[in-house]
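For reference, structure39.pdb is printed below; it contains PDB, C-alpha atoms.
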```pdb
ATOM      1  CA  MET S  50    -164.619 -20.591 -88.521
ATOM      2  CA  LYS S  51    -165.102 -20.837 -92.279
ATOM      3  CA  HIS S  52    -162.262 -21.372 -94.752
ATOM      4  CA  THR S  53    -162.091 -21.105 -98.538
ATOM      5  CA  LEU S  54    -161.744 -24.234-100.650
ATOM      6  CA  HIS S  55    -158.238 -23.211-101.721
ATOM      7  CA  ARG S  56    -157.101 -22.766 -98.132
ATOM      8  CA  VAL S  57    -158.648 -26.057 -97.023
ATOM      9  CA  ALA S  58    -157.131 -27.935 -99.959
ATOM     10  CA  MET S  59    -153.664 -26.557 -99.164
ATOM     11  CA  GLU S  60    -154.060 -27.208 -95.430
ATOM     12  CA  ILE S  61    -155.179 -30.817 -95.851
ATOM     13  CA  GLY S  62    -153.060 -31.730 -98.850
ATOM     14  CA  VAL S  63    -155.631 -32.365-101.556
ATOM     15  CA  THR S  64    -156.029 -30.666-104.881
ATOM     16  CA  VAL S  65    -158.792 -28.125-105.368
ATOM     17  CA  GLU S  66    -159.946 -30.320-108.259
ATOM     18  CA  ASP S  67    -160.300 -33.368-105.983
ATOM     19  CA  LEU S  68    -162.083 -31.293-103.366
ATOM     20  CA  SER S  69    -164.414 -29.819-106.002
ATOM     21  CA  GLY S  70    -165.157 -33.335-107.262
ATOM     22  CA  TRP S  71    -166.042 -34.496-103.755
ATOM     23  CA  ILE S  72    -168.364 -31.519-103.418
ATOM     24  CA  ASP S  73    -169.948 -32.263-106.816
ATOM     25  CA  ARG S  74    -170.578 -35.855-105.670
ATOM     26  CA  GLY S  75    -172.179 -34.606-102.448
ATOM     27  CA  TRP S  76    -169.535 -36.128-100.185
ATOM     28  CA  VAL S  77    -168.772 -32.708 -98.686
ATOM     29  CA  LEU S  78    -171.423 -30.008 -98.330
ATOM     30  CA  PRO S  79    -169.759 -26.651 -97.653
ATOM     31  CA  SER S  80    -171.846 -23.556 -97.059
ATOM     32  CA  VAL S  81    -172.278 -20.971 -99.792
ATOM     33  CA  SER S  82    -172.267 -17.266 -99.036
ATOM     34  CA  GLY S  83    -172.022 -14.521-101.617
ATOM     35  CA  GLY S  84    -171.395 -17.111-104.309
ATOM     36  CA  GLN S  85    -168.329 -18.466-102.485
ATOM     37  CA  MET S  86    -168.072 -21.898-100.886
ATOM     38  CA  ALA S  87    -166.616 -22.112 -97.400
ATOM     39  CA  CYS S  88    -165.754 -25.092 -95.215
ATOM     40  CA  ASP S  89    -166.276 -25.197 -91.464
ATOM     41  CA  ASP S  90    -164.492 -27.472 -88.989
ATOM     42  CA  ALA S  91    -166.916 -30.354 -89.605
ATOM     43  CA  ASP S  92    -166.359 -30.089 -93.373
ATOM     44  CA  ARG S  93    -162.604 -30.089 -92.867
ATOM     45  CA  ALA S  94    -162.824 -33.178 -90.645
ATOM     46  CA  ARG S  95    -164.917 -34.957 -93.286
ATOM     47  CA  ILE S  96    -162.417 -34.017 -96.022
ATOM     48  CA  ARG S  97    -159.572 -35.437 -93.909
ATOM     49  CA  MET S  98    -161.599 -38.610 -93.352
ATOM     50  CA  ILE S  99    -162.281 -39.018 -97.089
ATOM     51  CA  LEU S 100    -158.593 -38.489 -97.832
ATOM     52  CA  ASP S 101    -157.648 -41.091 -95.192
ATOM     53  CA  PHE S 102    -160.144 -43.557 -96.659
ATOM     54  CA  HIS S 103    -158.653 -43.063-100.119
ATOM     55  CA  ARG S 104    -154.997 -43.206 -99.049
ATOM     56  CA  ASP S 105    -154.989 -45.617 -96.116
ATOM     57  CA  LEU S 106    -157.909 -47.932 -96.868
ATOM     58  CA  ALA S 107    -157.885 -47.717-100.677
ATOM     59  CA  ILE S 108    -161.619 -47.018-100.798
ATOM     60  CA  ASP S 109    -162.390 -46.043-104.370
ATOM     61  CA  ASP S 110    -164.868 -43.511-105.731
ATOM     62  CA  GLU S 111    -167.466 -46.212-106.324
ATOM     63  CA  ALA S 112    -167.430 -47.505-102.734
ATOM     64  CA  MET S 113    -167.002 -44.127-101.016
ATOM     65  CA  PRO S 114    -170.707 -43.098-101.125
ATOM     66  CA  VAL S 115    -171.662 -46.363 -99.415
ATOM     67  CA  VAL S 116    -169.048 -45.884 -96.693
ATOM     68  CA  LEU S 117    -170.016 -42.245 -96.120
ATOM     69  CA  ASP S 118    -173.725 -43.105 -96.028
ATOM     70  CA  LEU S 119    -173.101 -45.793 -93.400
ATOM     71  CA  LEU S 120    -171.040 -43.395 -91.301
ATOM     72  CA  ASP S 121    -173.706 -40.693 -91.591
ATOM     73  CA  ARG S 122    -176.350 -43.192 -90.485
ATOM     74  CA  LEU S 123    -174.190 -44.273 -87.547
ATOM     75  CA  HIS S 124    -173.731 -40.673 -86.421
ATOM     76  CA  ALA S 125    -177.482 -40.033 -86.747
ATOM     77  CA  ALA S 126    -178.266 -43.156 -84.702
ATOM     78  CA  ARG S 127    -175.819 -42.076 -81.999
ATOM     79  CA  ALA S 128    -177.447 -38.631 -81.857
ATOM     80  CA  GLN S 129    -180.884 -40.244 -81.521
ATOM     81  CA  LEU S 130    -179.633 -42.515 -78.757
ATOM     82  CA  ARG S 131    -178.211 -39.515 -76.879
ATOM     83  CA  SER S 132    -181.631 -37.834 -77.138
ATOM     84  CA  VAL S 133    -183.399 -40.934 -75.833
ATOM     85  CA  LEU S 134    -180.974 -41.249 -72.932
ATOM     86  CA  GLN S 135    -181.445 -37.565 -72.076
ATOM     87  CA  GLY S 136    -185.198 -38.123 -72.072
ATOM     88  CA  VAL S 137    -184.854 -41.150 -69.814
ATOM     89  CA  ALA S 138    -182.609 -39.160 -67.450
ATOM     90  CA  GLU S 139    -185.400 -36.591 -67.052
ATOM     91  CA  LEU S 140    -187.901 -39.247 -65.898
ATOM     92  CA  PRO S 141    -188.472 -40.094 -62.230
ATOM     93  CA  GLU S 142    -186.051 -42.758 -61.008
ATOM     94  CA  SER S 143    -188.747 -45.431 -60.832
ATOM     95  CA  ALA S 144    -189.600 -44.880 -64.480
ATOM     96  CA  GLN S 145    -185.923 -44.751 -65.491
ATOM     97  CA  GLY S 146    -185.365 -48.266 -64.185
ATOM     98  CA  ALA S 147    -188.376 -49.615 -66.042
ATOM     99  CA  VAL S 148    -187.347 -47.965 -69.319
ATOM    100  CA  LEU S 149    -183.737 -49.120 -69.068
ATOM    101  CA  SER S 150    -184.831 -52.665 -68.228
ATOM    102  CA  ARG S 151    -187.095 -52.659 -71.262
ATOM    103  CA  ILE S 152    -184.271 -51.374 -73.487
ATOM    104  CA  LYS S 153    -182.004 -54.154 -72.223
ATOM    105  CA  GLY S 154    -184.728 -56.693 -72.979
ATOM    106  CA  GLU S 155    -185.187 -57.697 -69.355
ATOM    107  CA  GLU S 156    -188.538 -59.026 -68.164
ATOM    108  CA  GLN S 157    -190.548 -56.935 -65.761
TER
END
```

Render the structure in this file as structure tokens.
Amino acid sequence: MKHTLHRVAMEIGVTVEDLSGWIDRGWVLPSVSGGQMACDDADRARIRMILDFHRDLAIDDEAMPVVLDLLDRLHAARAQLRSVLQGVAELPESAQGAVLSRIKGEEQ
């Protein structure tokens, strides 16, 4: 479900100005439809995370892009790993063992 920036800002407890700044910096990438920006559940989760990083961890605007980039890379790596493991699961059992041994660095 999509929500307007004003609604999301009120719901999460940030100003529309802060939220707009985060969008301008590319930290949050809401969809645009009919000239209006709208945030989905993933956007709202990211906004909450950014707010937590600012409030709880005191991550400033200079460090935030580095932190977000690292998290994005981690999520991408996890998605790739899930794909690899799904591919391995589709192999015959004999091949699965060989692939998993190789991944673990075990000698054959």

| task | Any chance you could resolve the PyMOL selection byres ((chain S and resi 56) around 12) against this file and give the residues as a VMD selection string? | result | chain S and resid 51 to 55 57 to 65 68 86 to 89 93

| Quick one: of S:Glu142, S:Ala112, S:Trp76, S:His124, who's nearest to Arg97 in chain S, counting all atoms listed in the file? |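 The closest residue to Arg97 in chain S is S:Trp76.
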
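In this structure, CA of Ile96 in chain S sits 15.5 Å away from CA of Met50 in chain S.
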
| message | Residues within 12 Å of Met113 in chain S, please, as a ChimeraX atom specification. Count all atoms listed in the file; anything in the same chain fewer than 2 positions from it doesn't count. | response | /S:71,74-77,98-103,106-111,115-120

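Relative to CA of Pro114 in chain S, CA of Asp73 in chain S is found at 12.3 Å.
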
| said: I'd like the interatomic distance between CA of Ile72 in chain S and CA of Asp105 in chain S, to a tenth of an Å. | reply: 20.8 Å

Give the padded box for range 65-81 of chain S as JSON: axis-aligned, covering all atoms listed in the file, 8 Å on each side, centre and edge lengths in Å to one decimal.
```
{"center_x": -165.5, "center_y": -28.5, "center_z": -102.7, "size_x": 29.5, "size_y": 31.2, "size_z": 27.2}
```

| message | Nearest residue to Arg95 in chain S out of S:Arg151, S:Leu123, S:Pro79, S:Pro141, using only C-alpha atoms? | response | S:Pro79
